[in-house]
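Pasted below: query_25.cif, mmCIF, C-alpha atoms.
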data_protein
loop_
_atom_site.label_atom_id
_atom_site.label_comp_id
_atom_site.auth_asym_id
_atom_site.auth_seq_id
_atom_site.Cartn_x
_atom_site.Cartn_y
_atom_site.Cartn_z
CA SER A 19 -16.99 25.41 67.29
CA GLN A 20 -13.55 26.28 68.56
CA THR A 21 -10.44 26.14 66.42
CA ILE A 22 -6.80 26.90 67.10
CA HIS A 23 -4.27 28.07 64.55
CA GLN A 24 -0.51 28.18 64.66
CA TRP A 25 1.88 29.67 62.17
CA PRO A 26 4.16 29.16 60.59
CA ALA A 27 3.90 25.40 60.27
CA THR A 28 7.64 25.00 59.73
CA LEU A 29 10.55 27.34 60.22
CA VAL A 30 14.28 27.11 59.66
CA GLN A 31 16.28 29.84 61.36
CA PRO A 32 20.01 30.44 61.92
CA VAL A 33 21.50 30.61 65.39
CA GLY A 34 21.28 34.12 66.81
CA SER A 35 18.27 35.16 64.74
CA PRO A 36 14.98 36.32 66.30
CA LEU A 37 11.83 34.23 66.56
CA SER A 38 8.13 34.93 66.57
CA LEU A 39 5.52 32.17 66.63
CA GLU A 40 1.86 33.00 66.72
CA CYS A 41 -1.17 31.17 68.05
CA THR A 42 -4.78 32.24 67.77
CA VAL A 43 -7.96 30.66 69.03
CA GLU A 44 -11.41 31.11 67.53
CA GLY A 45 -14.84 30.42 68.95
CA THR A 46 -14.16 30.92 72.64
CA SER A 47 -13.57 33.76 75.07
CA ASN A 48 -11.05 34.26 77.87
CA PRO A 49 -9.27 30.94 77.39
CA ASN A 50 -6.21 29.85 79.31
CA LEU A 51 -3.41 29.59 76.74
CA TYR A 52 -0.27 27.46 76.81
CA TRP A 53 3.02 27.08 74.95
CA TYR A 54 4.75 23.68 75.03
CA ARG A 55 7.93 22.44 73.41
CA GLN A 56 8.60 18.90 72.33
CA ALA A 57 12.23 18.07 71.60
CA ALA A 58 12.95 15.15 69.26
CA GLY A 59 11.94 11.88 70.88
CA ARG A 60 10.95 13.55 74.13
CA GLY A 61 7.83 14.45 75.99
CA LEU A 62 6.11 17.77 76.43
CA GLN A 63 7.71 20.65 78.27
CA LEU A 64 5.41 23.45 79.42
CA LEU A 65 7.07 26.78 78.62
CA PHE A 66 4.46 29.45 79.37
CA TYR A 67 0.83 29.79 80.26
CA SER A 68 -1.53 32.74 80.39
CA VAL A 69 -4.84 33.21 82.19
CA GLY A 70 -5.61 36.59 80.61
CA ILE A 71 -4.39 39.49 78.49
CA GLY A 72 -0.93 40.57 79.59
CA GLN A 73 -0.69 37.79 82.21
CA ILE A 74 2.17 35.40 81.52
CA SER A 75 3.61 32.70 83.77
CA SER A 76 6.96 31.16 82.88
CA GLU A 77 7.64 27.56 83.80
CA VAL A 78 11.20 27.27 82.57
CA PRO A 79 13.86 30.03 82.59
CA GLN A 80 15.36 30.36 79.12
CA ASN A 81 15.88 32.76 76.25
CA LEU A 82 12.25 32.56 75.17
CA SER A 83 9.44 34.94 76.10
CA ALA A 84 5.70 35.02 75.58
CA SER A 85 3.10 37.72 75.21
CA ARG A 86 -0.66 37.88 75.04
CA PRO A 87 -1.65 41.12 73.37
CA GLN A 88 -5.26 40.07 72.75
CA ASP A 89 -7.66 37.67 74.44
CA ARG A 90 -7.24 34.93 71.86
CA GLN A 91 -3.70 35.56 70.68
CA PHE A 92 -0.54 34.11 72.19
CA ILE A 93 2.94 34.83 70.85
CA LEU A 94 6.21 33.09 71.55
CA SER A 95 9.39 35.07 70.91
CA SER A 96 13.12 35.04 71.17
CA LYS A 97 15.68 37.73 70.51
CA LYS A 98 18.47 35.27 69.72
CA LEU A 99 17.86 31.62 68.94
CA LEU A 100 20.07 28.83 70.24
CA LEU A 101 20.60 25.41 68.67
CA SER A 102 18.83 23.93 71.68
CA ASP A 103 15.67 25.86 70.78
CA SER A 104 14.98 23.43 67.94
CA GLY A 105 11.83 21.41 68.44
CA PHE A 106 8.12 21.13 67.89
CA TYR A 107 6.20 24.00 69.48
CA LEU A 108 2.62 23.43 70.46
CA CYS A 109 -0.01 25.93 71.55
CA ALA A 110 -3.03 24.83 73.56
CA TRP A 111 -6.14 26.35 75.13
CA ARG A 112 -8.74 25.49 77.69
CA VAL A 113 -11.71 27.17 79.37
CA THR A 114 -13.72 25.82 82.26
CA SER A 115 -12.83 22.13 82.28
CA TYR A 116 -9.33 20.79 82.68
CA GLU A 117 -8.74 19.27 79.26
CA GLN A 118 -6.58 21.23 76.87
CA TYR A 119 -6.95 21.42 73.10
CA PHE A 120 -3.87 21.62 70.98
CA GLY A 121 -2.96 23.34 67.76
CA PRO A 122 -1.20 21.69 64.82
CA GLY A 123 2.26 22.82 65.99
CA THR A 124 5.27 24.60 64.51
CA ARG A 125 8.40 22.65 63.60
CA LEU A 126 11.42 24.88 64.34
CA THR A 127 14.90 23.96 63.19
CA VAL A 128 17.76 26.17 64.31
CA THR A 129 20.85 25.76 62.11
CA GLY P 3 4.22 16.96 93.81
CA ASN P 4 1.86 15.47 91.29
CA SER P 5 3.32 13.21 88.62
CA VAL P 6 2.47 10.72 85.89
CA THR P 7 4.44 7.59 85.01
CA GLN P 8 3.91 5.75 81.74
CA MET P 9 5.37 2.51 80.55
CA GLU P 10 8.47 2.90 78.43
CA GLY P 11 8.14 2.35 74.74
CA PRO P 12 8.27 1.76 71.94
CA VAL P 13 5.50 -0.82 71.81
CA THR P 14 5.29 -2.87 68.63
CA LEU P 15 2.21 -4.99 67.94
CA SER P 16 0.70 -6.87 65.06
CA GLU P 17 -2.63 -5.75 63.66
CA GLU P 18 -5.62 -7.02 65.69
CA ALA P 19 -3.50 -7.56 68.82
CA PHE P 20 -4.64 -6.43 72.25
CA LEU P 21 -3.12 -3.20 73.52
CA THR P 22 -2.38 -2.09 77.07
CA ILE P 23 -0.37 1.01 77.90
CA ASN P 24 0.17 1.40 81.62
CA CYS P 25 -0.19 4.73 83.38
CA THR P 26 0.08 5.39 87.10
CA TYR P 27 -0.11 8.70 88.88
CA THR P 28 0.72 10.46 92.12
CA ALA P 29 -1.61 13.27 93.13
CA THR P 30 -3.17 15.07 96.04
CA GLY P 31 -6.91 15.38 95.91
CA TYR P 32 -8.98 13.93 93.08
CA PRO P 33 -7.56 14.90 89.70
CA SER P 34 -9.14 14.34 86.32
CA LEU P 35 -7.25 11.91 84.08
CA PHE P 36 -6.70 12.02 80.33
CA TRP P 37 -5.23 10.14 77.41
CA TYR P 38 -3.98 12.11 74.44
CA VAL P 39 -2.79 10.77 71.07
CA GLN P 40 -0.25 12.36 68.76
CA TYR P 41 0.04 11.19 65.16
CA PRO P 42 3.31 11.86 63.35
CA GLY P 43 3.86 15.54 62.65
CA GLU P 44 0.65 16.65 64.35
CA GLY P 45 -0.50 18.21 67.59
CA LEU P 46 -2.04 16.26 70.45
CA GLN P 47 -5.66 15.15 70.33
CA LEU P 48 -7.74 14.36 73.36
CA LEU P 49 -8.56 10.65 73.14
CA LEU P 50 -10.57 10.11 76.33
CA LYS P 51 -10.95 11.33 79.87
CA ALA P 52 -12.30 10.38 83.30
CA THR P 53 -13.14 12.88 86.01
CA LYS P 54 -13.75 10.71 89.08
CA ALA P 55 -12.91 7.32 90.54
CA ASP P 56 -14.36 4.28 88.71
CA ASP P 57 -15.25 6.39 85.66
CA LYS P 58 -14.47 4.70 82.35
CA GLY P 59 -13.47 6.90 79.45
CA SER P 60 -13.88 5.48 75.97
CA ASN P 61 -13.42 6.60 72.38
CA LYS P 62 -12.60 4.97 69.02
CA GLY P 63 -12.40 1.53 70.66
CA PHE P 64 -9.97 2.70 73.35
CA GLU P 65 -10.89 2.49 77.03
CA ALA P 66 -9.37 3.51 80.35
CA THR P 67 -10.76 3.21 83.88
CA TYR P 68 -9.92 5.61 86.69
CA ARG P 69 -8.69 3.33 89.50
CA LYS P 70 -8.20 5.30 92.70
CA GLU P 71 -7.14 2.28 94.76
CA THR P 72 -4.23 1.52 92.43
CA THR P 73 -3.74 5.13 91.22
CA SER P 74 -3.84 3.89 87.65
CA PHE P 75 -5.44 4.81 84.32
CA HIS P 76 -4.29 2.13 81.88
CA LEU P 77 -5.21 2.51 78.21
CA GLU P 78 -6.61 -0.56 76.44
CA LYS P 79 -7.87 -1.51 73.01
CA GLY P 80 -9.10 -4.93 72.03
CA SER P 81 -7.87 -4.98 68.43
CA VAL P 82 -5.37 -2.42 67.17
CA GLN P 83 -5.07 -1.24 63.60
CA VAL P 84 -2.14 0.13 61.62
CA SER P 85 -3.83 3.53 61.83
CA ASP P 86 -3.45 3.48 65.64
CA SER P 87 0.31 3.91 65.28
CA ALA P 88 1.06 7.08 67.24
CA VAL P 89 2.46 8.38 70.51
CA TYR P 90 0.09 8.17 73.49
CA PHE P 91 0.31 10.52 76.48
CA CYS P 92 -1.30 10.05 79.87
CA ALA P 93 -2.05 13.25 81.80
CA LEU P 94 -3.65 14.47 84.99
CA SER P 95 -5.06 17.81 86.02
CA ASP P 96 -3.01 19.69 88.57
CA MET P 97 -5.66 20.82 90.99
CA TYR P 98 -6.23 24.39 92.13
CA TYR P 99 -3.98 24.24 95.17
CA GLY P 100 -1.40 26.75 96.32
CA GLY P 101 -1.57 28.97 93.26
CA SER P 102 -1.73 26.19 90.69
CA GLN P 103 -3.77 27.13 87.65
CA GLY P 104 -5.15 23.69 87.02
CA ASN P 105 -2.57 22.86 84.38
CA LEU P 106 -2.03 19.38 82.98
CA ILE P 107 0.86 17.15 83.99
CA PHE P 108 1.90 14.79 81.19
CA GLY P 109 3.69 11.48 81.15
CA LYS P 110 6.63 11.08 78.79
CA GLY P 111 4.61 9.36 76.11
CA THR P 112 4.56 5.83 74.71
CA LYS P 113 5.18 5.22 71.03
CA LEU P 114 3.00 2.54 69.51
CA SER P 115 3.80 0.92 66.17
CA VAL P 116 1.28 -1.49 64.66
CA LYS P 117 2.52 -3.79 61.87
CA PRO P 118 0.18 -5.23 59.22
#
Could you render the structure from this file as structure tokens?
Amino acid sequence: SQTIHQWPATLVQPVGSPLSLECTVEGTSNPNLYWYRQAAGRGLQLLFYSVGIGQISSEVPQNLSASRPQDRQFILSSKKLLLSDSGFYLCAWRVTSYEQYFGPGTRLTVT
Amino acid sequence: GNSVTQMEGPVTLSEEAFLTINCTYTATGYPSLFWYVQYPGEGLQLLLKATKADDKGSNKGFEATYRKETTSFHLEKGSVQVSDSAVYFCALSDMYYGGSQGNLIFGKGTKLSVKP
């Protein structure tokens, strides 16, 4: 069966520091991968999606970037964090059907 | 463009009460429709889905019917429990038109609190 992992689970970082969040999927091949952010008390904001290795689409211009170095690995990065980057970051995957399956999330607090 | 509108929350109910969370959508074509649930501090879980008009999705006592004539997909449960307290998201599939990758479009979420 398929599983999705995200780490770290929680992270506290100062403003201006770099960021790297990792997502990996097991048990499937060539998934579409997604990064979402959920600010406190708000809905989901799609940040990036990827249909294959090295293929990244950005939905919202910002100081974040994403990479997909391997088929089942998706990384979210920043060179310098802002206070507004705080939130709950969710990774998701899907294959042939439309439904997406989400990871457990990373809680990021920028201080 | 395609969009999803959910009723504003929070919704507070007593245990064993009847639940309805309204969801309406705007879409071209015939999207698939979904309900997701998010428990505190966790990721989203797929609760149920419907892929064509008049389909009824059901899971864990929750139901939703794909109504094309009213462009709605309301979530219902006959008797809620404290353990159903969570945020519920309605979503539709953005079809493969004009370069779209078939991503999901989510509503803003409805927080449900069930009191014993």
(message) Ranking A:Phe92, A:Leu62, A:Phe120, A:Asp103 by minimum distance to Ala93 (chain P) and counting all atoms listed in the file, which one comes first?
(response) A:Leu62
(request) Kindly give the distance, in Å, that separates CA of Ser5 (chain P) and CA of Tyr54 (chain A), rounded to a single decimal. (result) 17.2 Å
(message) Please check the contacts: residues of chain A at most 10 Å away from chain P, using all atoms listed in the file, listed as a PyMOL selection string.
(response) chain A and resi 50+52+59-64+67-69+106-110+112+115-125
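Using all atoms listed in the file, the nearest neighbour of Pro42 (chain P) within the list P:Thr14, P:Thr28, P:Ser74, P:Ser85 is P:Ser85.
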(request) Please measure the separation of CA of Thr72 (chain P) and CA of Glu18 (chain P), giving the value in Å to one decimal. (result) 28.1 Å
(request) Apply the PyMOL selection byres ((chain A and resi 25) around 9) to the displayed file and report the matching residues as number ranges by chain. (result) A: 23-24, 26-28, 39-41, 122-124
Would you write out those residues with C-alpha atoms, as an mmCIF file, keeping the file's coordinate frame?
data_model
loop_
_atom_site.group_PDB
_atom_site.id
_atom_site.type_symbol
_atom_site.label_atom_id
_atom_site.label_comp_id
_atom_site.auth_asym_id
_atom_site.auth_seq_id
_atom_site.Cartn_x
_atom_site.Cartn_y
_atom_site.Cartn_z
ATOM 1 C CA HIS A 23 -4.270 28.070 64.550
ATOM 2 C CA GLN A 24 -0.510 28.180 64.660
ATOM 3 C CA PRO A 26 4.160 29.160 60.590
ATOM 4 C CA ALA A 27 3.900 25.400 60.270
ATOM 5 C CA THR A 28 7.640 25.000 59.730
ATOM 6 C CA LEU A 39 5.520 32.170 66.630
ATOM 7 C CA GLU A 40 1.860 33.000 66.720
ATOM 8 C CA CYS A 41 -1.170 31.170 68.050
ATOM 9 C CA PRO A 122 -1.200 21.690 64.820
ATOM 10 C CA GLY A 123 2.260 22.820 65.990
ATOM 11 C CA THR A 124 5.270 24.600 64.510
#
(message) Calculated over all atoms listed in the file, which of the candidates P:Asp86, P:Glu65, P:Asp57, P:Glu71 has the smallest distance to Val13 (chain P)?
(response) P:Asp86
Spatial neighbours of Leu82 (chain A), 12 Å, only C-alpha atoms, chain gap at least 4 places, as an mmCIF file with C-alpha atoms, in the coordinates of the input:
data_model
loop_
_atom_site.group_PDB
_atom_site.id
_atom_site.type_symbol
_atom_site.label_atom_id
_atom_site.label_comp_id
_atom_site.auth_asym_id
_atom_site.auth_seq_id
_atom_site.Cartn_x
_atom_site.Cartn_y
_atom_site.Cartn_z
ATOM 1 C CA PRO A 36 14.980 36.320 66.300
ATOM 2 C CA LEU A 37 11.830 34.230 66.560
ATOM 3 C CA SER A 38 8.130 34.930 66.570
ATOM 4 C CA LEU A 39 5.520 32.170 66.630
ATOM 5 C CA TRP A 53 3.020 27.080 74.950
ATOM 6 C CA TYR A 54 4.750 23.680 75.030
ATOM 7 C CA ARG A 55 7.930 22.440 73.410
ATOM 8 C CA LEU A 65 7.070 26.780 78.620
ATOM 9 C CA PHE A 66 4.460 29.450 79.370
ATOM 10 C CA SER A 76 6.960 31.160 82.880
ATOM 11 C CA GLU A 77 7.640 27.560 83.800
ATOM 12 C CA VAL A 78 11.200 27.270 82.570
ATOM 13 C CA ILE A 93 2.940 34.830 70.850
ATOM 14 C CA LEU A 94 6.210 33.090 71.550
ATOM 15 C CA SER A 95 9.390 35.070 70.910
ATOM 16 C CA SER A 96 13.120 35.040 71.170
ATOM 17 C CA LYS A 97 15.680 37.730 70.510
ATOM 18 C CA LYS A 98 18.470 35.270 69.720
ATOM 19 C CA LEU A 99 17.860 31.620 68.940
ATOM 20 C CA LEU A 100 20.070 28.830 70.240
ATOM 21 C CA SER A 102 18.830 23.930 71.680
ATOM 22 C CA ASP A 103 15.670 25.860 70.780
ATOM 23 C CA SER A 104 14.980 23.430 67.940
ATOM 24 C CA TYR A 107 6.200 24.000 69.480
#
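This file, queried with the PyMOL selection byres ((chain P and resi 55) around 6), gives the residues Lys54, Asp56, Asp57, Tyr68, Arg69 and Lys70 of chain P.
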(request) Between CA of Tyr41 (chain P) and CA of Gly45 (chain A), measure the distance and give it in Å to one decimal. (result) 24.6 Å
(request) Return the single residue from P:Leu114, P:Gln40, P:Ala52, P:Gly63 that is closest to Ile23 (chain P), with distances computed using all atoms listed in the file. (result) P:Leu114
(request) With a distance cut-off of 6 Å and all atoms listed in the file, select the neighbouring residues of Arg86 (chain A), excluding the residue or stretch itself and same-chain residues fewer than 4 positions from it, and output the selection as a ChimeraX atom specification. (result) /A:71-72,91-92
Dump C-alpha atoms for the selected residues as a PDB file, in the coordinates of the input?
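Contents of the output file again33.pdb:
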ATOM      1  CA  ILE A  71      -4.390  39.490  78.490  1.00  0.00           C
ATOM      2  CA  GLY A  72      -0.930  40.570  79.590  1.00  0.00           C
ATOM      3  CA  GLN A  91      -3.700  35.560  70.680  1.00  0.00           C
ATOM      4  CA  PHE A  92      -0.540  34.110  72.190  1.00  0.00           C
TER       5      PHE A  92
END
(request) Just say which residues the PyMOL selection byres ((chain P and resi 76) around 6) picks in this file, as a ChimeraX atom specification. (result) /P:23-25,66,75,77
Could you add the missing atoms to region 86-97 of chain A, up to all heavy atoms, and return them as a short mmCIF file (atom, residue, chain, number, x, y, z; two decimals), in the coordinates of the input?
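This went into part38.cif:
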data_model
loop_
_atom_site.label_atom_id
_atom_site.label_comp_id
_atom_site.auth_asym_id
_atom_site.auth_seq_id
_atom_site.Cartn_x
_atom_site.Cartn_y
_atom_site.Cartn_z
N ARG A 86 0.75 38.08 75.38
CA ARG A 86 -0.66 37.88 75.04
C ARG A 86 -1.28 39.26 74.84
O ARG A 86 -1.86 39.84 75.75
CB ARG A 86 -1.39 37.12 76.15
CG ARG A 86 -2.83 36.76 75.78
CD ARG A 86 -3.40 35.81 76.79
NE ARG A 86 -4.81 35.54 76.52
CZ ARG A 86 -5.53 34.65 77.19
NH1 ARG A 86 -4.97 33.94 78.17
NH2 ARG A 86 -6.79 34.46 76.90
N PRO A 87 -1.15 39.76 73.64
CA PRO A 87 -1.65 41.12 73.37
C PRO A 87 -3.16 41.21 73.23
O PRO A 87 -3.74 42.28 73.45
CB PRO A 87 -0.96 41.48 72.06
CG PRO A 87 -0.67 40.17 71.40
CD PRO A 87 -0.42 39.20 72.51
N GLN A 88 -3.80 40.11 72.88
CA GLN A 88 -5.26 40.07 72.75
C GLN A 88 -5.78 38.80 73.43
O GLN A 88 -5.02 37.88 73.68
CB GLN A 88 -5.67 40.08 71.28
CG GLN A 88 -5.21 41.30 70.50
CD GLN A 88 -5.64 41.23 69.04
OE1 GLN A 88 -6.75 40.78 68.73
NE2 GLN A 88 -4.77 41.69 68.16
N ASP A 89 -7.07 38.78 73.68
CA ASP A 89 -7.66 37.67 74.44
C ASP A 89 -7.36 36.31 73.84
O ASP A 89 -7.11 35.34 74.55
CB ASP A 89 -9.18 37.87 74.53
CG ASP A 89 -9.86 36.78 75.34
OD1 ASP A 89 -9.34 36.44 76.42
OD2 ASP A 89 -10.91 36.28 74.90
N ARG A 90 -7.38 36.22 72.50
CA ARG A 90 -7.24 34.93 71.86
C ARG A 90 -5.96 34.81 71.03
O ARG A 90 -5.90 34.03 70.09
CB ARG A 90 -8.48 34.65 71.00
CG ARG A 90 -9.72 34.35 71.83
CD ARG A 90 -10.98 34.40 71.02
NE ARG A 90 -11.38 35.77 70.71
CZ ARG A 90 -12.46 36.08 70.01
NH1 ARG A 90 -13.24 35.13 69.54
NH2 ARG A 90 -12.76 37.33 69.77
N GLN A 91 -4.96 35.59 71.40
CA GLN A 91 -3.70 35.56 70.68
C GLN A 91 -2.55 35.37 71.66
O GLN A 91 -2.46 36.06 72.68
CB GLN A 91 -3.51 36.88 69.91
CG GLN A 91 -2.26 36.91 69.05
CD GLN A 91 -2.07 38.28 68.38
OE1 GLN A 91 -2.44 39.32 68.94
NE2 GLN A 91 -1.49 38.27 67.21
N PHE A 92 -1.66 34.44 71.31
CA PHE A 92 -0.54 34.11 72.19
C PHE A 92 0.70 34.03 71.31
O PHE A 92 0.70 33.33 70.30
CB PHE A 92 -0.82 32.78 72.89
CG PHE A 92 -0.12 32.57 74.18
CD1 PHE A 92 0.35 33.62 74.95
CD2 PHE A 92 0.06 31.28 74.69
CE1 PHE A 92 0.98 33.41 76.17
CE2 PHE A 92 0.68 31.05 75.91
CZ PHE A 92 1.14 32.12 76.64
N ILE A 93 1.75 34.75 71.69
CA ILE A 93 2.94 34.83 70.85
C ILE A 93 4.15 34.36 71.63
O ILE A 93 4.33 34.73 72.80
CB ILE A 93 3.15 36.29 70.36
CG1 ILE A 93 1.97 36.70 69.48
CG2 ILE A 93 4.46 36.41 69.60
CD1 ILE A 93 1.97 38.16 69.09
N LEU A 94 4.96 33.56 70.98
CA LEU A 94 6.21 33.09 71.55
C LEU A 94 7.36 33.74 70.80
O LEU A 94 7.37 33.73 69.57
CB LEU A 94 6.31 31.56 71.44
CG LEU A 94 7.54 30.91 72.04
CD1 LEU A 94 7.49 30.97 73.56
CD2 LEU A 94 7.63 29.44 71.60
N SER A 95 8.31 34.30 71.54
CA SER A 95 9.39 35.07 70.91
C SER A 95 10.74 34.73 71.48
O SER A 95 10.86 34.19 72.59
CB SER A 95 9.14 36.58 71.11
OG SER A 95 7.88 36.97 70.63
N SER A 96 11.74 35.08 70.69
CA SER A 96 13.12 35.04 71.17
C SER A 96 13.90 36.13 70.46
O SER A 96 13.67 36.39 69.28
CB SER A 96 13.75 33.68 70.90
OG SER A 96 15.12 33.69 71.25
N LYS A 97 14.84 36.72 71.16
CA LYS A 97 15.68 37.73 70.51
C LYS A 97 16.84 37.09 69.78
O LYS A 97 17.28 37.56 68.73
CB LYS A 97 16.20 38.71 71.56
CG LYS A 97 15.13 39.57 72.18
CD LYS A 97 15.72 40.55 73.18
CE LYS A 97 14.62 41.42 73.77
NZ LYS A 97 15.15 42.37 74.80
#
